[in-house]
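Student: Have a look at this one.
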Amino acid sequence: MTSEVMENDNKTLDSGTLTDLFVNLQKSSALLSTEEEQTFLNGLLQSKELNALVNIHSKILSNVERKRFFPVPALSDGMQVLADVLELIYQQPRRSSDCQELFLMLQKPHLQGLLCAHDAIAQKDYYPRLPDIPVEDDEEEQTIKVVQLVKSNEPLGATIKTDELTGKIVIARVMHGGAADRSGLIHVGDEVVEVNAISVEGKEPNDVLDILQSSEGTITFKLVPAECTMNVRESKVRVRAHFDYDSSTDPYIPCKEAGLDFKKGDVLHIVCQDDQYWWQARKEGDKHMRAGLIPSRALQEKRIVHDRGMKKDEDEVAEGGLSCSPEPVRCLLGADNKNKTKKIIYDTAENDDFDRELIATYEEVAKLYPRPSVFRPIVLIGPPGVGRNELKRRLIDTDPVKFQTPTPFTSRSMKPGEVDGKEYFFVTRQQMERDIDEGKFIEFGEYKGNLYGTSTSSVEAIVHAGLVCILNPHYQALKMLRTPLLKPYIIYISPPSLDVLKQTRMAHHARSTFDVNNSRGFTEDEFQDMIRHSERIKFLYDHFFDETIVNADLADAFSKLLAAVNRVESEPLWVPASWVQ
Ligand SMILES: Nc1ncnc2c1ncn2[C@@H]1O[C@H](COP(=O)(O)OP(=O)(O)OP(=O)(O)O)[C@@H](O)[C@H]1O
C-alpha cells in the first residue's frame, strides 16, 4: 500500500488516503471513546474491499478527468429497444442473412444481460430512492398549484381518498398512462383544496366525484402539492396470471372503476408495484391503454390462503402495512371467517403427491423466440386413458424422423432379439438406483421387480440432435421437466364432459388402458375416474400448462395438437422469465 495522496483538489481519493487516515487514527486514538470503535475503524480502513472500492473510484474519476467529459447514455431503455427490434425482425416475411444474424445475436443471454446492466446504470437504478426534501411548512404562505384539465370521455385516471390523519381529500393514486398521469401535474399525496372554485373542505370523496361529474369543459383543481413526490419509473415486468380476476365482484378494491379484469393465462404488463397491495397493470399488447388496478402478489396469496382455509388466525389483519392503509384493503381479512372455512376439494391424505404448497398467482414471463434447429420438447399431460398415447402416435406418424420419443431405461435383463438402446437402454439395478438418487431421471417406476424410467439426458440428446422430443409422462414428472435447460411446451389433454367422453369412446370402440390385455372398453367407473383424476391434476398443476386441448373428437384434438406444435416452432411464446435470462 502506498501513502501518496491524501485528498487533492479534485477530491480524488485513493488507498494512500486510507493509509494516512489509518496512521493519523493511530496517533490520535484518544479521539475515539471506546476500544471497540478503534478496532472497528482499524479493520475498516485496512480492509481489502474498501481499498479496492476507493481505488476503483479514483480510477473512474481520473479517467473522466482525462477525457474531460462525463459519459452520457444515449438511451436508457436498451432492453425495450431490443424487444422492439426483435418483434420487427420477427414480422419480416423474408430476412437477409445480416438480419437473421442480428435476430440471433439479440437473443443471446450475454447481450441481454449487458443491456439490462446498461439500462440500470443509465436509469441510475443504483441510487437509493430517497424522498424529496420536505417543503418547509409555512402556515402563512402555502404553495398552491392550479391545474386545468379539459374534460373528455376519458376518465381522469386518478383516485381520491380522505386522509385519515388530516381528514383532507388527497390524491390516492395516479393511474399510469391516464389523463392525470400524462398531464404530469397531479401527484399522489396532493391535497385537493378546490374543484372548479368549489371548496372541498369537509366533503367526502363521493361529493367531490359528484362535482367532477357535473362539470363541463375545463376542470380546474386547486391542489396543495404533496410534500414529497416520487418519480415512478414504469416497470418492465410481464407476468402470466394464474387466476381470473373480476374487479366488479371484488369488495376490497380501492376504486372499482380503476380495476383491470383479466383471465387465467393472460399476460399482464405490470407498470407499477409501488403499492404493497394494489399493482397497476395493462394487458400485454394494449400499449396505449390506461393502467388498471390489480391485486398484488402478496394480496392475492393472502386471499388464496384465506380461501383454502389454511390460515384461520384473524390476527393477520393487524399485520404490518395493513393497519396503516386507509384504503378498504385493511378489511380484507377482517371478516370473521371461522364459519366460512372452505375445505380444499382434495383430501391431502389422498394426495401423497400433494404439490400445491406453491400458491400460484403471477409468474414472471418473457418472450422466447424460436431458434433455428432447436425445438422445445412437447409434453402431453393428462389422466390415464384420456388419449395421450393415441395423439403422440399420430403425431410421430406425420414425421417419424423429426418427432422422437426418448428410449427408456430398464434394470430388467435383455430378452432374445432385443437390442440395447432400441427398445430400452439396459442397465444394472444398482446403476439405475444411483442415477435415480442423483436426480437423473424425469420419471421412473417399478414393474414386476424391475425398474423402468426416462432420463433427462435422453430428452436432451433428442433436443441437441435438432429433433422434436415428444413425451407423455406422469404429471409428477413436470417438476423435473419444466427447467430452463429443457424449456418444454406443456399441453394438457383434458377429457370432455362425462357424457361426451362416454359417447366418443364407445363410438370409437376405445380400448381401456386399465385392462392389462387392452381387450375391453372402459367401464363406467373408469370414465368417472378419468374425470376425477383430471380435476385433481388441474388443481395441482394447471399453472404449468401452456395450453389445454380437450380430447372429445379425436380428429379435432389432433389438428389442435398439430397447430400447437407448429406454433411452438414458429412463434415467439411467453415462458418463465428465468428461461431467457
Ligand atoms: N378422442 C377420442 N375418441 C375416441 N377414442 C379415443 C379418443 N382418444 C383416445 N381414444 C382411445 O382411447 C383409448 C385409450 O387411449 P390412449 O391409449 O391414448 O390413452 P392414454 O392417455 O395414453 O392412457 P395411459 O396414460 O393410461 O397409457 C385408445 O383405444 C384410444 O384409441
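As shown in the C-alpha cells, the chain order sets the letters A, B, ...; within each chain, residues go from 1, and ligands are also counted from 1 in the order they appear.
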Can you tell me which residues surround Asp163 of chain A at a distance of at most 10 Å, considering only C-alpha atoms, apart from same-chain residues fewer than 3 positions away, and format the answer as a PyMOL selection string?
Tutor: chain A and resi 160+166-172+189+191+326-327
Student: Those same residues, written as an mmCIF file, in the first residue's frame with N, CA and C atoms?
Tutor:
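Contents of again.cif, freshly written:
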```
data_model
loop_
_atom_site.group_PDB
_atom_site.id
_atom_site.type_symbol
_atom_site.label_atom_id
_atom_site.label_comp_id
_atom_site.auth_asym_id
_atom_site.auth_seq_id
_atom_site.Cartn_x
_atom_site.Cartn_y
_atom_site.Cartn_z
ATOM 1 N N ILE A 160 -59.171 9.431 -5.391
ATOM 2 C CA ILE A 160 -59.014 10.313 -4.229
ATOM 3 C C ILE A 160 -59.481 9.571 -2.984
ATOM 4 N N THR A 166 -55.401 13.845 8.543
ATOM 5 C CA THR A 166 -55.790 15.256 8.439
ATOM 6 C C THR A 166 -57.269 15.428 8.107
ATOM 7 N N GLY A 167 -57.906 14.387 7.627
ATOM 8 C CA GLY A 167 -59.315 14.479 7.227
ATOM 9 C C GLY A 167 -59.491 15.196 5.900
ATOM 10 N N LYS A 168 -58.358 15.506 5.226
ATOM 11 C CA LYS A 168 -58.458 16.246 3.955
ATOM 12 C C LYS A 168 -58.568 15.278 2.777
ATOM 13 N N ILE A 169 -59.077 15.827 1.666
ATOM 14 C CA ILE A 169 -59.175 14.992 0.449
ATOM 15 C C ILE A 169 -57.823 15.033 -0.255
ATOM 16 N N VAL A 170 -57.272 13.866 -0.522
ATOM 17 C CA VAL A 170 -55.963 13.819 -1.197
ATOM 18 C C VAL A 170 -56.027 12.881 -2.405
ATOM 19 N N ILE A 171 -55.089 13.045 -3.310
ATOM 20 C CA ILE A 171 -54.975 12.134 -4.456
ATOM 21 C C ILE A 171 -54.375 10.822 -3.921
ATOM 22 N N ALA A 172 -55.113 9.717 -4.093
ATOM 23 C CA ALA A 172 -54.656 8.432 -3.553
ATOM 24 C C ALA A 172 -53.759 7.705 -4.545
ATOM 25 N N GLY A 189 -50.703 12.092 -3.163
ATOM 26 C CA GLY A 189 -50.472 12.845 -1.928
ATOM 27 C C GLY A 189 -50.853 14.313 -2.051
ATOM 28 N N GLU A 191 -52.984 17.517 -2.010
ATOM 29 C CA GLU A 191 -54.244 17.753 -1.289
ATOM 30 C C GLU A 191 -55.179 18.556 -2.186
ATOM 31 N N PRO A 326 -55.187 3.319 4.656
ATOM 32 C CA PRO A 326 -56.508 3.892 4.856
ATOM 33 C C PRO A 326 -57.518 3.335 3.878
ATOM 34 N N GLU A 327 -57.054 2.542 2.922
ATOM 35 C CA GLU A 327 -57.974 2.060 1.900
ATOM 36 C C GLU A 327 -58.662 0.787 2.382
#
```
Student: List every residue of segment 390-489 of chain A that DSSP, applied to the backbone, labels as alpha helix (DSSP H), and write the result as a PDB file with N, CA and C atoms, in the first residue's frame.
Tutor:
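Saved result, part.pdb, follows:
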```pdb
ATOM      1  N   GLU A 390     -52.419 -42.117 -28.029  1.00  0.00           N
ATOM      2  CA  GLU A 390     -53.047 -42.071 -29.360  1.00  0.00           C
ATOM      3  C   GLU A 390     -52.588 -40.802 -30.097  1.00  0.00           C
ATOM      4  N   LEU A 391     -52.630 -39.662 -29.406  1.00  0.00           N
ATOM      5  CA  LEU A 391     -52.242 -38.390 -30.034  1.00  0.00           C
ATOM      6  C   LEU A 391     -50.750 -38.388 -30.359  1.00  0.00           C
ATOM      7  N   LYS A 392     -49.948 -38.924 -29.443  1.00  0.00           N
ATOM      8  CA  LYS A 392     -48.494 -38.978 -29.656  1.00  0.00           C
ATOM      9  C   LYS A 392     -48.177 -39.844 -30.881  1.00  0.00           C
ATOM     10  N   ARG A 393     -48.860 -40.992 -30.931  1.00  0.00           N
ATOM     11  CA  ARG A 393     -48.640 -41.916 -32.053  1.00  0.00           C
ATOM     12  C   ARG A 393     -48.959 -41.228 -33.387  1.00  0.00           C
ATOM     13  N   ARG A 394     -50.087 -40.536 -33.406  1.00  0.00           N
ATOM     14  CA  ARG A 394     -50.484 -39.860 -34.656  1.00  0.00           C
ATOM     15  C   ARG A 394     -49.475 -38.770 -35.049  1.00  0.00           C
ATOM     16  N   LEU A 395     -48.963 -38.068 -34.043  1.00  0.00           N
ATOM     17  CA  LEU A 395     -48.002 -37.001 -34.333  1.00  0.00           C
ATOM     18  C   LEU A 395     -46.708 -37.603 -34.904  1.00  0.00           C
ATOM     19  N   ILE A 396     -46.222 -38.674 -34.290  1.00  0.00           N
ATOM     20  CA  ILE A 396     -44.984 -39.309 -34.777  1.00  0.00           C
ATOM     21  C   ILE A 396     -45.180 -39.833 -36.195  1.00  0.00           C
ATOM     22  N   ASP A 397     -46.386 -40.356 -36.469  1.00  0.00           N
ATOM     23  CA  ASP A 397     -46.678 -40.868 -37.822  1.00  0.00           C
ATOM     24  C   ASP A 397     -46.531 -39.793 -38.894  1.00  0.00           C
ATOM     25  N   THR A 398     -46.761 -38.519 -38.528  1.00  0.00           N
ATOM     26  CA  THR A 398     -46.674 -37.457 -39.550  1.00  0.00           C
ATOM     27  C   THR A 398     -45.234 -37.269 -40.009  1.00  0.00           C
ATOM     28  N   ARG A 429     -29.480 -52.754 -11.892  1.00  0.00           N
ATOM     29  CA  ARG A 429     -30.372 -52.121 -10.917  1.00  0.00           C
ATOM     30  C   ARG A 429     -29.602 -51.083 -10.074  1.00  0.00           C
ATOM     31  N   GLN A 430     -28.350 -51.465  -9.667  1.00  0.00           N
ATOM     32  CA  GLN A 430     -27.551 -50.552  -8.836  1.00  0.00           C
ATOM     33  C   GLN A 430     -27.300 -49.239  -9.579  1.00  0.00           C
ATOM     34  N   GLN A 431     -26.933 -49.387 -10.859  1.00  0.00           N
ATOM     35  CA  GLN A 431     -26.644 -48.197 -11.668  1.00  0.00           C
ATOM     36  C   GLN A 431     -27.888 -47.307 -11.756  1.00  0.00           C
ATOM     37  N   MET A 432     -29.013 -47.968 -12.002  1.00  0.00           N
ATOM     38  CA  MET A 432     -30.249 -47.200 -12.177  1.00  0.00           C
ATOM     39  C   MET A 432     -30.645 -46.524 -10.865  1.00  0.00           C
ATOM     40  N   GLU A 433     -30.501 -47.264  -9.752  1.00  0.00           N
ATOM     41  CA  GLU A 433     -30.853 -46.674  -8.453  1.00  0.00           C
ATOM     42  C   GLU A 433     -29.969 -45.466  -8.151  1.00  0.00           C
ATOM     43  N   ARG A 434     -28.685 -45.616  -8.496  1.00  0.00           N
ATOM     44  CA  ARG A 434     -27.754 -44.498  -8.253  1.00  0.00           C
ATOM     45  C   ARG A 434     -28.184 -43.272  -9.083  1.00  0.00           C
ATOM     46  N   ASP A 435     -28.490 -43.495 -10.358  1.00  0.00           N
ATOM     47  CA  ASP A 435     -28.884 -42.379 -11.226  1.00  0.00           C
ATOM     48  C   ASP A 435     -30.190 -41.740 -10.751  1.00  0.00           C
ATOM     49  N   ILE A 436     -31.105 -42.586 -10.258  1.00  0.00           N
ATOM     50  CA  ILE A 436     -32.372 -42.042  -9.741  1.00  0.00           C
ATOM     51  C   ILE A 436     -32.072 -41.146  -8.538  1.00  0.00           C
ATOM     52  N   ASP A 437     -31.218 -41.643  -7.639  1.00  0.00           N
ATOM     53  CA  ASP A 437     -30.848 -40.856  -6.456  1.00  0.00           C
ATOM     54  C   ASP A 437     -30.214 -39.531  -6.847  1.00  0.00           C
ATOM     55  N   THR A 456     -33.271 -37.592 -18.058  1.00  0.00           N
ATOM     56  CA  THR A 456     -33.227 -36.226 -18.590  1.00  0.00           C
ATOM     57  C   THR A 456     -32.272 -36.174 -19.776  1.00  0.00           C
ATOM     58  N   SER A 457     -31.159 -36.916 -19.676  1.00  0.00           N
ATOM     59  CA  SER A 457     -30.154 -36.815 -20.740  1.00  0.00           C
ATOM     60  C   SER A 457     -30.687 -37.350 -22.067  1.00  0.00           C
ATOM     61  N   SER A 458     -31.628 -38.340 -22.019  1.00  0.00           N
ATOM     62  CA  SER A 458     -32.136 -38.850 -23.300  1.00  0.00           C
ATOM     63  C   SER A 458     -33.054 -37.809 -23.964  1.00  0.00           C
ATOM     64  N   VAL A 459     -33.710 -36.990 -23.146  1.00  0.00           N
ATOM     65  CA  VAL A 459     -34.510 -35.899 -23.730  1.00  0.00           C
ATOM     66  C   VAL A 459     -33.558 -34.868 -24.331  1.00  0.00           C
ATOM     67  N   GLU A 460     -32.521 -34.538 -23.566  1.00  0.00           N
ATOM     68  CA  GLU A 460     -31.537 -33.554 -24.056  1.00  0.00           C
ATOM     69  C   GLU A 460     -30.916 -34.012 -25.363  1.00  0.00           C
ATOM     70  N   ALA A 461     -30.626 -35.320 -25.446  1.00  0.00           N
ATOM     71  CA  ALA A 461     -29.960 -35.841 -26.655  1.00  0.00           C
ATOM     72  C   ALA A 461     -30.835 -35.591 -27.892  1.00  0.00           C
ATOM     73  N   ILE A 462     -32.152 -35.782 -27.745  1.00  0.00           N
ATOM     74  CA  ILE A 462     -33.052 -35.550 -28.892  1.00  0.00           C
ATOM     75  C   ILE A 462     -33.057 -34.065 -29.265  1.00  0.00           C
ATOM     76  N   VAL A 463     -33.120 -33.203 -28.225  1.00  0.00           N
ATOM     77  CA  VAL A 463     -33.137 -31.752 -28.491  1.00  0.00           C
ATOM     78  C   VAL A 463     -31.839 -31.355 -29.193  1.00  0.00           C
ATOM     79  N   HIS A 464     -30.703 -31.864 -28.677  1.00  0.00           N
ATOM     80  CA  HIS A 464     -29.412 -31.488 -29.271  1.00  0.00           C
ATOM     81  C   HIS A 464     -29.262 -32.013 -30.698  1.00  0.00           C
ATOM     82  N   LEU A 478     -43.470 -33.303 -14.196  1.00  0.00           N
ATOM     83  CA  LEU A 478     -43.391 -31.907 -14.629  1.00  0.00           C
ATOM     84  C   LEU A 478     -42.342 -31.128 -13.849  1.00  0.00           C
ATOM     85  N   LYS A 479     -42.233 -31.446 -12.569  1.00  0.00           N
ATOM     86  CA  LYS A 479     -41.274 -30.693 -11.738  1.00  0.00           C
ATOM     87  C   LYS A 479     -39.846 -30.880 -12.256  1.00  0.00           C
ATOM     88  N   MET A 480     -39.552 -32.081 -12.749  1.00  0.00           N
ATOM     89  CA  MET A 480     -38.212 -32.366 -13.257  1.00  0.00           C
ATOM     90  C   MET A 480     -38.042 -31.825 -14.683  1.00  0.00           C
ATOM     91  N   LEU A 481     -39.147 -31.784 -15.401  1.00  0.00           N
ATOM     92  CA  LEU A 481     -39.076 -31.409 -16.816  1.00  0.00           C
ATOM     93  C   LEU A 481     -39.081 -29.913 -17.066  1.00  0.00           C
TER      94      LEU A 481
END
```
Student: What are the nearest atom pairs, with distances in Å to one decimal, for all residues of chain A that come at most 6 Å from ligand 1, using only C-alpha atoms and all ligand atoms, set out by chain and rising residue number as a tab-separated table?
Tutor:
```
residue	atom	partner	partner_atom_place_in_ligand_line	distance
A:Pro384	CA	ligand 1	26 (O)	3.6
A:Gly385	CA	ligand 1	23 (O)	3.3
A:Val386	CA	ligand 1	21 (O)	4.0
A:Gly387	CA	ligand 1	18 (O)	3.1
A:Arg388	CA	ligand 1	21 (O)	3.9
A:Asn389	CA	ligand 1	18 (O)	3.6
A:Glu390	CA	ligand 1	18 (O)	3.6
A:Thr504	CA	ligand 1	3 (N)	4.8
A:Arg505	CA	ligand 1	4 (C)	4.0
A:His508	CA	ligand 1	4 (C)	4.8
A:Ala510	CA	ligand 1	29 (O)	3.6
A:Arg511	CA	ligand 1	29 (O)	3.9
A:Ser512	CA	ligand 1	13 (C)	5.8
A:Thr513	CA	ligand 1	26 (O)	4.8
A:Asn551	CA	ligand 1	1 (N)	4.8
A:Ala552	CA	ligand 1	1 (N)	4.7
A:Asp553	CA	ligand 1	1 (N)	4.6
A:Leu554	CA	ligand 1	1 (N)	3.5
```
Student: Counting only C-alpha atoms, which of A:Arg520, A:Arg532, A:Arg173, A:Lys422 gets nearest to Asp275 of chain A?
Tutor: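 For Asp275 of chain A, the nearest of the given residues is A:Arg173.
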Student: DSSP on the backbone, then: every residue of segment 361-540 of chain A marked strand (DSSP E), written as a CSV table (one decimal) with N, CA and C atoms, in the first residue's frame.
Tutor:
```
chain,number,residue,atom,x,y,z
A,362,TYR,N,-49.1,-15.0,-9.8
A,362,TYR,CA,-48.5,-14.5,-11.1
A,362,TYR,C,-47.1,-15.1,-11.3
A,363,GLU,N,-46.8,-15.4,-12.5
A,363,GLU,CA,-45.4,-15.9,-12.8
A,363,GLU,C,-44.8,-14.9,-13.8
A,364,GLU,N,-43.6,-14.5,-13.5
A,364,GLU,CA,-42.9,-13.5,-14.3
A,364,GLU,C,-42.5,-14.2,-15.6
A,365,VAL,N,-42.8,-13.6,-16.7
A,365,VAL,CA,-42.6,-14.3,-18.0
A,365,VAL,C,-41.8,-13.4,-19.0
A,366,ALA,N,-41.2,-14.0,-20.0
A,366,ALA,CA,-40.6,-13.2,-21.1
A,366,ALA,C,-40.8,-14.0,-22.4
A,367,LYS,N,-40.6,-13.3,-23.5
A,367,LYS,CA,-40.8,-14.0,-24.8
A,367,LYS,C,-39.6,-14.8,-25.2
A,368,LEU,N,-39.9,-16.0,-25.6
A,368,LEU,CA,-38.8,-16.9,-26.1
A,368,LEU,C,-39.0,-17.0,-27.6
A,378,ILE,N,-42.2,-31.4,-26.6
A,378,ILE,CA,-43.7,-31.2,-26.4
A,378,ILE,C,-44.1,-32.3,-25.4
A,379,VAL,N,-44.7,-31.8,-24.3
A,379,VAL,CA,-45.1,-32.7,-23.3
A,379,VAL,C,-46.6,-32.8,-23.2
A,380,LEU,N,-47.1,-34.0,-23.3
A,380,LEU,CA,-48.6,-34.2,-23.1
A,380,LEU,C,-48.9,-34.8,-21.7
A,381,ILE,N,-49.7,-34.0,-21.0
A,381,ILE,CA,-50.1,-34.4,-19.7
A,381,ILE,C,-51.6,-34.7,-19.7
A,403,PHE,N,-40.1,-36.3,-35.2
A,403,PHE,CA,-40.7,-36.5,-33.8
A,403,PHE,C,-40.2,-37.7,-33.2
A,404,GLN,N,-39.5,-37.6,-32.1
A,404,GLN,CA,-38.8,-38.7,-31.4
A,404,GLN,C,-39.3,-38.8,-30.0
A,409,PHE,N,-35.0,-46.5,-19.9
A,409,PHE,CA,-34.0,-47.3,-19.3
A,409,PHE,C,-34.8,-48.4,-18.5
A,410,THR,N,-34.1,-49.6,-18.4
A,410,THR,CA,-34.7,-50.6,-17.5
A,410,THR,C,-33.6,-51.4,-16.9
A,425,PHE,N,-32.6,-48.9,-22.9
A,425,PHE,CA,-31.2,-49.0,-22.5
A,425,PHE,C,-31.2,-49.9,-21.3
A,426,PHE,N,-30.4,-51.0,-21.4
A,426,PHE,CA,-30.4,-52.0,-20.3
A,426,PHE,C,-29.2,-51.6,-19.4
A,441,PHE,N,-33.3,-38.9,-13.5
A,441,PHE,CA,-34.5,-39.4,-14.2
A,441,PHE,C,-35.7,-38.4,-14.1
A,442,ILE,N,-36.3,-38.3,-15.2
A,442,ILE,CA,-37.5,-37.4,-15.2
A,442,ILE,C,-38.7,-38.2,-14.5
A,443,GLU,N,-38.8,-39.5,-14.8
A,443,GLU,CA,-39.8,-40.3,-14.2
A,443,GLU,C,-39.2,-41.7,-14.1
A,444,PHE,N,-39.7,-42.5,-13.2
A,444,PHE,CA,-39.3,-43.9,-13.0
A,444,PHE,C,-40.4,-44.6,-12.2
A,445,GLY,N,-40.3,-45.9,-12.3
A,445,GLY,CA,-41.3,-46.7,-11.6
A,445,GLY,C,-40.8,-48.2,-11.6
A,446,GLU,N,-41.5,-49.0,-10.8
A,446,GLU,CA,-41.1,-50.4,-10.7
A,446,GLU,C,-42.2,-51.3,-11.2
A,447,TYR,N,-41.9,-52.2,-12.0
A,447,TYR,CA,-43.0,-53.2,-12.5
A,447,TYR,C,-42.4,-54.6,-12.5
A,450,ASN,N,-38.7,-55.0,-11.6
A,450,ASN,CA,-37.7,-54.3,-12.4
A,450,ASN,C,-38.0,-52.8,-12.5
A,451,LEU,N,-36.9,-52.0,-12.6
A,451,LEU,CA,-37.1,-50.6,-12.6
A,451,LEU,C,-37.2,-50.1,-14.1
A,452,TYR,N,-38.0,-49.1,-14.4
A,452,TYR,CA,-38.1,-48.5,-15.7
A,452,TYR,C,-38.1,-47.0,-15.5
A,453,GLY,N,-37.6,-46.3,-16.5
A,453,GLY,CA,-37.6,-44.9,-16.3
A,453,GLY,C,-37.0,-44.1,-17.6
A,454,THR,N,-37.3,-42.8,-17.6
A,454,THR,CA,-36.8,-42.0,-18.7
A,454,THR,C,-35.8,-41.0,-18.1
A,455,SER,N,-34.7,-40.9,-18.7
A,455,SER,CA,-33.7,-40.0,-18.2
A,455,SER,C,-33.7,-38.6,-18.8
A,468,VAL,N,-37.6,-33.0,-32.6
A,468,VAL,CA,-38.7,-32.7,-31.6
A,468,VAL,C,-38.9,-33.9,-30.7
A,469,CYS,N,-38.7,-33.6,-29.4
A,469,CYS,CA,-38.9,-34.7,-28.4
A,469,CYS,C,-40.3,-34.7,-28.0
A,470,ILE,N,-41.0,-35.8,-28.0
A,470,ILE,CA,-42.4,-35.8,-27.6
A,470,ILE,C,-42.6,-36.8,-26.5
A,471,LEU,N,-43.2,-36.3,-25.4
A,471,LEU,CA,-43.3,-37.1,-24.1
A,471,LEU,C,-44.7,-37.1,-23.6
A,489,TYR,N,-42.8,-27.4,-23.8
A,489,TYR,CA,-44.1,-26.8,-24.1
A,489,TYR,C,-45.1,-27.8,-23.5
A,490,ILE,N,-45.9,-27.5,-22.5
A,490,ILE,CA,-46.7,-28.4,-21.8
A,490,ILE,C,-48.2,-28.3,-22.2
A,491,ILE,N,-48.7,-29.4,-22.8
A,491,ILE,CA,-50.1,-29.4,-23.2
A,491,ILE,C,-50.9,-30.3,-22.4
A,492,TYR,N,-52.0,-29.8,-21.8
A,492,TYR,CA,-52.8,-30.6,-21.0
A,492,TYR,C,-53.9,-31.2,-21.9
A,493,ILE,N,-54.0,-32.5,-21.9
A,493,ILE,CA,-55.0,-33.2,-22.7
A,493,ILE,C,-56.1,-33.5,-21.7
A,494,SER,N,-57.2,-32.8,-21.9
A,494,SER,CA,-58.3,-32.9,-20.9
A,494,SER,C,-59.5,-33.8,-21.5
```
Student: Could you jot down the atom CA of Val192 of chain A to atom CA of Lys222 of chain A separation for me, Å, one decimal place?
Tutor: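 Atom-to-atom, atom CA of Val192 of chain A to atom CA of Lys222 of chain A, that is 6.2 Å.
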Student: Could you tell me which of A:Arg240, A:Leu293, A:Val174, A:Ser235 comes closest to Pro254 of chain A if we count only C-alpha atoms?
Tutor: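 Once distances to Pro254 of chain A are computed over only C-alpha atoms, the minimum belongs to A:Leu293.
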Student: Excluding segment 73-83 of chain A and residues on its chain fewer than 4 positions from it, collect all residues at most 7 Å away from it, counting only C-alpha atoms, and give them as a count of residues only.
Tutor: 7
Student: Mind pulling up the distance from atom CA of Thr361 of chain A to atom CA of Lys264 of chain A?
Tutor: 9.4 Å
Student: Report as a count of residues only all protein, DNA and RNA residues lying within 10 Å of Ser152 of chain A, evaluated on only C-alpha atoms, omitting residues in the same chain fewer than 2 positions from it.
Tutor: 9
Student: When distances are computed from only C-alpha atoms, which of A:Met506, A:Met530, A:Val550, A:Leu486 shows the smallest separation from Val575 of chain A?
Tutor: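 Once distances to Val575 of chain A are computed over only C-alpha atoms, the minimum belongs to A:Leu486.
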Student: Hey, which of A:Gly184, A:Gly177, A:Pro488, A:Gly43 ends up closest to Arg376 of chain A? Count only C-alpha atoms.
Tutor: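 For Arg376 of chain A, the nearest of the given residues is A:Pro488.
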Student: Counting only C-alpha atoms, which of A:Asn196, A:Ser28, A:Gln476, A:Gln276 gets nearest to Gln148 of chain A?
Tutor: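 Among the listed residues, the smallest separation from Gln148 of chain A belongs to A:Asn196.
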Student: Let me make sure I understand: among A:His242, A:Lys151, A:His57, A:His306, which one has the smallest atom-to-atom distance to Lys538 of chain A if we use only C-alpha atoms?
Tutor: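 Using only C-alpha atoms, the shortest distance to Lys538 of chain A belongs to A:His242.
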Student: Between atom CA of Phe522 of chain A and atom CA of Ala507 of chain A, measure the distance and give it in Å to one decimal.
Tutor: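 These atoms are spaced 11.9 Å apart.
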Student: I'd like the neighbourhood of Asn206 of chain A as a list in words, where a residue qualifies if any of its atoms comes within 12 Å (using only C-alpha atoms), though same-chain residues fewer than 6 positions away should be ignored.
Tutor: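 Surrounding residues, per the criterion: Thr159, Ile160, Lys161, Thr162, Ile169, Val200, Leu212, Gln213 and Cys255 of chain A.
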Student: Okay, now the selection with N, CA and C atoms, as a PDB file, in the first residue's frame?
Tutor:
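Full text of selection.pdb as output:
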```
ATOM      1  N   THR A 159     -57.363   8.466  -8.342  1.00  0.00           N
ATOM      2  CA  THR A 159     -58.363   8.211  -7.309  1.00  0.00           C
ATOM      3  C   THR A 159     -58.100   9.141  -6.131  1.00  0.00           C
ATOM      4  N   ILE A 160     -59.171   9.431  -5.391  1.00  0.00           N
ATOM      5  CA  ILE A 160     -59.014  10.313  -4.229  1.00  0.00           C
ATOM      6  C   ILE A 160     -59.481   9.571  -2.984  1.00  0.00           C
ATOM      7  N   LYS A 161     -59.030  10.042  -1.849  1.00  0.00           N
ATOM      8  CA  LYS A 161     -59.477   9.445  -0.587  1.00  0.00           C
ATOM      9  C   LYS A 161     -59.383  10.513   0.498  1.00  0.00           C
ATOM     10  N   THR A 162     -59.985  10.221   1.642  1.00  0.00           N
ATOM     11  CA  THR A 162     -59.840  11.128   2.771  1.00  0.00           C
ATOM     12  C   THR A 162     -58.618  10.696   3.562  1.00  0.00           C
ATOM     13  N   ILE A 169     -59.077  15.827   1.666  1.00  0.00           N
ATOM     14  CA  ILE A 169     -59.175  14.992   0.449  1.00  0.00           C
ATOM     15  C   ILE A 169     -57.823  15.033  -0.255  1.00  0.00           C
ATOM     16  N   VAL A 200     -63.580  21.897  -1.202  1.00  0.00           N
ATOM     17  CA  VAL A 200     -63.933  20.515  -0.863  1.00  0.00           C
ATOM     18  C   VAL A 200     -63.788  20.261   0.635  1.00  0.00           C
ATOM     19  N   LEU A 212     -67.154  16.668  -9.955  1.00  0.00           N
ATOM     20  CA  LEU A 212     -66.415  16.380 -11.193  1.00  0.00           C
ATOM     21  C   LEU A 212     -67.351  15.942 -12.296  1.00  0.00           C
ATOM     22  N   GLN A 213     -68.295  15.069 -11.910  1.00  0.00           N
ATOM     23  CA  GLN A 213     -69.192  14.521 -12.935  1.00  0.00           C
ATOM     24  C   GLN A 213     -70.138  15.578 -13.499  1.00  0.00           C
ATOM     25  N   CYS A 255     -60.879   1.273  -5.776  1.00  0.00           N
ATOM     26  CA  CYS A 255     -61.713   2.052  -6.699  1.00  0.00           C
ATOM     27  C   CYS A 255     -62.113   1.105  -7.829  1.00  0.00           C
TER      28      CYS A 255
END
```
